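Everything below concerns the one structure shown next.
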Protein chains: 2
Amino acid sequence: MKKYRVAILGATGMVGKEMLKILAERNFPLELLKLTASERTSGTKINFLGKEIEVETATPEVFNDIDIVLSSAGGDVSKKLAPEIVKRGAIVIDNTSAFRMEKNVPLVVPEINAHALKNHQGIIANPNCSTIQLVMALKPMHDYVPLKRVLVSTYQSVSGAGKEAVDEMYEQLKAMLAGNYQKPERTILPQPIGLNVIPHGGTFYDNGYTDEEIKVTNETRKIMEIETLPISATSVRVPVVTGHSETVNVEFSAPVEIQKLKEVLSAFPGVIVLDQPEEKIYPMPIDIAGRDEVFVGRIREDISCENAINMWVVADNIRKGAALNAIQIAEKMIEMELI
Amino acid sequence: MKKYRVAILGATGMVGKEMLKILAERNFPLELLKLTASERTSGTKINFLGKEIEVETATPEVFNDIDIVLSSAGGDVSKKLAPEIVKRGAIVIDNTSAFRMEKNVPLVVPEINAHALKNHQGIIANPNCSTIQLVMALKPMHDYVPLKRVLVSTYQSVSGAGKEAVDEMYEQLKAMLAGNYQKPERTILPQPIGLNVIPHGGTFYDNGYTDEEIKVTNETRKIMEIETLPISATSVRVPVVTGHSETVNVEFSAPVEIQKLKEVLSAFPGVIVLDQPEEKIYPMPIDIAGRDEVFVGRIREDISCENAINMWVVADNIRKGAALNAIQIAEKMIEMELI
């Protein structure tokens, strides 16, 4: 079996670390693994399958001899480095929003639109975490009966904003439990998240939506190849470490049967239906953190609209929402002999 | 000014205690205040405006000489006691779901349907917390352009489930922060809530909805007097102490202007619009706990549907969602000379 020279860009971040875990778990065919990050954390030593690997500063030259770069540094870093890396002959699977909406960049969830990989020009974009779990639930439904309109409210965990945001939440909670909490002057998230919910992810557009919300609209349309799908989202951060949840209202273009929806969801690779609510069986972040699948529950007819349903979708935002999906893209490209 | 003989039923609970605070704050015209609760907590002494009041066991006879009973014990207690109290000549403002959907029981948010009080037969029902804040935001909108359909996802705080549920959350969080958390075998809430979200409030009906969700549908229709309003809710508990939040999608029967919506909301008594998101101004539970008003923000056109908007509604579930609304009902009945 062919083996690959892989580099992780952003190896010391939460997603980078999860990528390392997943490469090991899945026995990814590695000839070499290079870890890179910003100057700030370069020099760090990270254990991978019993071997210490020293993190190198991410310069273009570091990627000279690499086949696949799994990139999860910031968007600015990707914008600068990714074209340089591609020039050197590697493909870049990029976890930032830098290239997602560019025409010549495939935006891929392998279970859904792997065929888009064929047209890649070196950079492949990994979608936003909230979008990945959403389209995993929407795609099998759409193949059963075409979608007419989608409404999403998210309950996004703090790890989506990085390790510092998680540390910040723990600090706030500690102070709250000790009874000496004071509203902090500066925060990583836009607001304090301890025992709070924040209806604000990213930056605001003139239309009143955040970029986090518009990503869900645009990326869902691109991945599902339904250019004009009516879809609107409200993104809310909740005090959960890992695991994004979403309430999703789906209107279909024709009648659907709830039982059949459960069947098509269960049959879809990477989706698990947990839906026996009267026995307290439904997905929750605390149960599914660390899991690879997207979990769907609370599937029921929308009593306010014909041909519509409500459901509840939960997934590990660091795994399927980021690191795992990126590695699945690499695996799929190998399978399709694109690398 | 006439003064009234008032009793609180369930005086040692979270809502009961908040009622005491609000009666004092608002200088309610009291001739006498009686505190009652179950046998378990009777005998407790509670300070009210510098005077110790001993909590009495809630027997029918205790209410013999009372004008107004503010009731916030469980639904079973209300079902048994409320008719007995009414027989003795008092009116009962009941915070449980026991009587809300009964034809001859007004279900009232004073800013919206005070006129329904005129037909009372002794019992007046205080609506569900999630419903109260929702209708406070919907009513001025509906008076501007009639509603066509409403979709709600809640982010409900733990205090809505009582003090024991809040204590339970703190215990879980303490263990989580100390690194010695183990999933508890039994919980007050259906699931552990520390660093989790739970898509399950109340009990499940055959149609897959919880009673908490169906309350939002039925009570909104009754209060707004739109018998067939299409409305569907998903209720989710989040790790917040006080303050329910809701994402609300509203479809109107004709075009609306966002600016005009903000104006009619701001002009409505008891509603405050906090909506300058680019300056990080939007309502959050951590900021509005302890406030009387219902706060609305993130008001924007729904990009997935004509004549529809998304918004974010937050209120203190113990105050406007329970204790305050009950006392406002009493005040309104006095003003209308119904007591």
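Residue numbering restarts at 1 in every chain; chains get A, B, ... in the order shown in the structure tokens, and ligands count up from 1 in that same order.
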Problem set entry | Every residue of region 255-326 of chain A that DSSP places in strand (DSSP E or B), as a PyMOL selection string | chain A and resi 271-273+276+281+294-301+308-315
For this session: Give me every helix (DSSP H, G or I) residue in region 184-281 of chain B, going by DSSP on the backbone, as a list in words.
Result: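 Restricting region 184-281 of chain B to helix (DSSP H, G or I) produces Asp211, Glu212, Glu213, Ile214, Lys215, Val216, Thr217, Asn218, Glu219, Thr220, Arg221, Lys222, Ile223, Met224, Ile258, Gln259, Lys260, Leu261, Lys262, Glu263, Val264, Leu265, Ser266, Ala267, Pro277, Glu278 and Glu279 of chain B.
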Problem set entry | Contact residues around region 200-217 of chain A with only C-alpha atoms at 9 Å, ignoring same-chain residues under 3 positions, as a PyMOL selection string | (chain A and resi 97+127-128+130-132+134+152+189-191+220-222+229-237) or (chain B and resi 277-278+280+282+298-301)
For this session: Compare A:Val256, A:Val314, A:Met224, A:Ile53 by their minimum atom-to-atom distance to chain B, counting only C-alpha atoms, and give me the closest one.
Result: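 When distances to chain B are compared using only C-alpha atoms, the smallest one comes from A:Val314.
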Exercise. Could you name the residues that touch Lys163 (chain B) at 12 Å or less, counting only C-alpha atoms, but leaving out those on the same chain fewer than 2 positions away, as a ChimeraX atom specification?
Worked result: /B:12-17,157-161,165-170,188-189,241-242,318
For this session: Measure the distance from CA of Ser71 (chain A) to CA of Asp292 (chain A) in Å and round it to one decimal.
Result: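 Between CA of Ser71 (chain A) and CA of Asp292 (chain A) the gap is 19.5 Å.
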